[in-house]
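Worksheet: the structure to be examined is printed underneath.
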Amino acid sequence: MGVIKYIILLSLIFMLNSCSQKMEYKLLQSKRVITQERVLADSYIEYKILPKDRLSINILKYPNISPIGQDNRGVLVNSSGDIYLPLINRVRVKGLTQSEVARVLEKKYSRYLKDPTLYLEVINKRCYILGEVKKPGVIKMENGRLTILEAIAYAGDLTDNAIRDNIIVVSHNRNNHVTIRKIDLTNFDTLYSSNMIIKPNDIIYVQPNGWKEYKVNANNLITPFANISAILSPFITVNYLLR
């Protein structure tokens, strides 16, 4: 029976240790208090093009020479931030807005074409949603931006375990620094339209509530007991048969 007592003691130590650790299934944990911002200062700054973006480029008076890219999926911005176009060859577009790139291309094409008015759009804008939603993953942003409610709708709504008054949004500001803000969907008086805007490449994280934490902790506690039961079962059976 000494071996059995030793196994039980180790299991109890394991359970106590696991209870003392932070919940690793919960993301973006911080001791810093994240407050709700009344206004997101740079929410209306125009999107700047990044490597791996795909651009739809339409030269209005010259549709036959408008670049369409491979497989009609737009012109790919390479890892260096450049695109390659007919007539004008390489153009650096990384860090420029859509309107800025359009003006650069119009100037370059004007050497070869008369009045090359150009329409340009990034066609693979996306944001990401994680956590307590029914369909986490990538959300395509066809209109360039959407609200937090639209993003949740695309993700199939919140789960029953979602915290609704502390949804985390991770963004990059104009200096490419990471910013974090929270959104409370339970209080209409604290909802501001500028703060609800989700921009391309934002990450939305819906945190789990206390009930989810309880279920995870309960499962962590039950699992060692199940393992102990499986280990002790042969000893108990043999002991019973020898009586």
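Residue numbers start at 1 in each chain; chains themselves are named A, B, ... in the order of the structure tokens; ligands are numbered from 1 in the order shown.
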Would you kindly return, as a PDB file with C-alpha atoms, in the first residue's frame, each protein, DNA or RNA residue with an atom no farther than 9 Å from any atom of range 77-93 of chain A, considering only C-alpha atoms and excluding same-chain residues fewer than 4 positions away?
```pdb
ATOM      1  CA  LYS A  48      -1.565  51.691 -45.304  1.00  0.00           C
ATOM      2  CA  ILE A  49      -0.474  48.931 -47.660  1.00  0.00           C
ATOM      3  CA  LEU A  50       1.586  46.051 -46.281  1.00  0.00           C
ATOM      4  CA  PRO A  51       3.604  43.211 -47.830  1.00  0.00           C
ATOM      5  CA  LYS A  52       1.399  40.297 -48.985  1.00  0.00           C
ATOM      6  CA  ASP A  53      -1.538  42.606 -49.685  1.00  0.00           C
ATOM      7  CA  ARG A  54      -3.278  42.166 -53.032  1.00  0.00           C
ATOM      8  CA  LEU A  55      -4.191  45.230 -55.084  1.00  0.00           C
ATOM      9  CA  ILE A  65      -3.905  47.077 -69.953  1.00  0.00           C
ATOM     10  CA  SER A  66      -5.098  47.278 -66.359  1.00  0.00           C
ATOM     11  CA  PRO A  67      -2.990  44.815 -64.347  1.00  0.00           C
ATOM     12  CA  THR A  97      -2.293  54.591 -48.537  1.00  0.00           C
ATOM     13  CA  GLN A  98      -4.474  53.478 -51.439  1.00  0.00           C
ATOM     14  CA  GLU A 100      -1.206  57.760 -52.426  1.00  0.00           C
ATOM     15  CA  VAL A 101      -0.361  54.684 -54.493  1.00  0.00           C
ATOM     16  CA  VAL A 104       2.094  57.562 -57.800  1.00  0.00           C
ATOM     17  CA  LEU A 105       0.898  55.158 -60.490  1.00  0.00           C
ATOM     18  CA  LYS A 108       4.236  57.017 -63.776  1.00  0.00           C
ATOM     19  CA  TYR A 109       1.657  55.890 -66.361  1.00  0.00           C
ATOM     20  CA  TYR A 112       3.018  56.482 -71.677  1.00  0.00           C
TER      21      TYR A 112
END
```
Write out as an mmCIF file with N, CA and C atoms, in the first residue's frame all residues of range 34-152 of chain A that backbone DSSP assigns to helix (DSSP H, G or I).
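And here's selection-v3.cif as it stands now:
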```cif
data_model
loop_
_atom_site.group_PDB
_atom_site.id
_atom_site.type_symbol
_atom_site.label_atom_id
_atom_site.label_comp_id
_atom_site.auth_asym_id
_atom_site.auth_seq_id
_atom_site.Cartn_x
_atom_site.Cartn_y
_atom_site.Cartn_z
ATOM 1 N N PRO A 63 -8.863 49.804 -69.820
ATOM 2 C CA PRO A 63 -9.123 48.541 -69.113
ATOM 3 C C PRO A 63 -8.333 47.368 -69.674
ATOM 4 N N ASN A 64 -7.968 47.446 -70.936
ATOM 5 C CA ASN A 64 -7.266 46.319 -71.548
ATOM 6 C C ASN A 64 -5.849 46.141 -71.017
ATOM 7 N N ILE A 65 -5.263 47.199 -70.486
ATOM 8 C CA ILE A 65 -3.905 47.077 -69.953
ATOM 9 C C ILE A 65 -3.877 47.199 -68.430
ATOM 10 N N GLN A 70 -1.909 37.583 -60.840
ATOM 11 C CA GLN A 70 -2.009 36.143 -61.072
ATOM 12 C C GLN A 70 -3.376 35.623 -60.647
ATOM 13 N N ASP A 71 -3.996 34.789 -61.496
ATOM 14 C CA ASP A 71 -5.284 34.149 -61.208
ATOM 15 C C ASP A 71 -6.390 35.165 -60.911
ATOM 16 N N ASN A 72 -6.254 36.367 -61.464
ATOM 17 C CA ASN A 72 -7.270 37.415 -61.281
ATOM 18 C C ASN A 72 -7.501 37.759 -59.813
ATOM 19 N N GLN A 98 -3.952 53.805 -50.103
ATOM 20 C CA GLN A 98 -4.474 53.478 -51.439
ATOM 21 C C GLN A 98 -4.471 54.705 -52.343
ATOM 22 N N SER A 99 -4.904 55.841 -51.826
ATOM 23 C CA SER A 99 -4.948 57.059 -52.650
ATOM 24 C C SER A 99 -3.544 57.532 -53.019
ATOM 25 N N GLU A 100 -2.587 57.357 -52.121
ATOM 26 C CA GLU A 100 -1.206 57.760 -52.426
ATOM 27 C C GLU A 100 -0.617 56.888 -53.524
ATOM 28 N N VAL A 101 -0.862 55.576 -53.452
ATOM 29 C CA VAL A 101 -0.361 54.684 -54.493
ATOM 30 C C VAL A 101 -1.008 55.011 -55.835
ATOM 31 N N ALA A 102 -2.311 55.306 -55.804
ATOM 32 C CA ALA A 102 -3.007 55.660 -57.055
ATOM 33 C C ALA A 102 -2.363 56.881 -57.706
ATOM 34 N N ARG A 103 -2.018 57.889 -56.909
ATOM 35 C CA ARG A 103 -1.390 59.098 -57.475
ATOM 36 C C ARG A 103 0.001 58.790 -58.033
ATOM 37 N N VAL A 104 0.760 57.939 -57.317
ATOM 38 C CA VAL A 104 2.094 57.562 -57.800
ATOM 39 C C VAL A 104 1.992 56.841 -59.147
ATOM 40 N N LEU A 105 1.049 55.921 -59.252
ATOM 41 C CA LEU A 105 0.898 55.158 -60.490
ATOM 42 C C LEU A 105 0.393 56.038 -61.633
ATOM 43 N N GLU A 106 -0.524 56.955 -61.336
ATOM 44 C CA GLU A 106 -1.015 57.870 -62.382
ATOM 45 C C GLU A 106 0.143 58.701 -62.951
ATOM 46 N N LYS A 107 1.015 59.142 -62.080
ATOM 47 C CA LYS A 107 2.162 59.940 -62.535
ATOM 48 C C LYS A 107 3.100 59.115 -63.412
ATOM 49 N N LYS A 108 3.343 57.867 -63.000
ATOM 50 C CA LYS A 108 4.236 57.017 -63.776
ATOM 51 C C LYS A 108 3.617 56.619 -65.118
ATOM 52 N N TYR A 109 2.316 56.291 -65.120
ATOM 53 C CA TYR A 109 1.657 55.890 -66.361
ATOM 54 C C TYR A 109 1.463 57.071 -67.310
ATOM 55 N N ILE A 148 -17.527 46.188 -34.372
ATOM 56 C CA ILE A 148 -17.355 45.008 -33.534
ATOM 57 C C ILE A 148 -18.581 44.104 -33.610
ATOM 58 N N LEU A 149 -19.773 44.693 -33.731
ATOM 59 C CA LEU A 149 -21.003 43.895 -33.819
ATOM 60 C C LEU A 149 -21.058 43.129 -35.137
ATOM 61 N N GLU A 150 -20.612 43.754 -36.216
ATOM 62 C CA GLU A 150 -20.581 43.059 -37.501
ATOM 63 C C GLU A 150 -19.576 41.907 -37.471
ATOM 64 N N ALA A 151 -18.420 42.133 -36.834
ATOM 65 C CA ALA A 151 -17.411 41.078 -36.735
ATOM 66 C C ALA A 151 -17.947 39.885 -35.947
ATOM 67 N N ILE A 152 -18.650 40.167 -34.850
ATOM 68 C CA ILE A 152 -19.231 39.086 -34.046
ATOM 69 C C ILE A 152 -20.305 38.353 -34.842
#
```
Checklist outcome for this item: Expressed in Å, the length from CA of Lys182 in chain A to CA of Asp165 in chain A is 8.2 Å
Item to check | Shell around Thr117 in chain A at 8 Å using only C-alpha atoms, local window under 6 positions removed, as a ChimeraX atom specification | outcome: /A:59-61,106
Checklist entry - Do you know which residues are at most 6 Å from Gln207 in chain A counting only C-alpha atoms, after dropping those on the same chain fewer than 5 positions away, and could you put them as a list in words? => result Gly131, Ala162 and Ile163 of chain A
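If you measure from each of A:Asn58, A:Val206, A:Pro200, A:Asp184 to Tyr119 in chain A using only C-alpha atoms, the closest one turns out to be A:Asn58.
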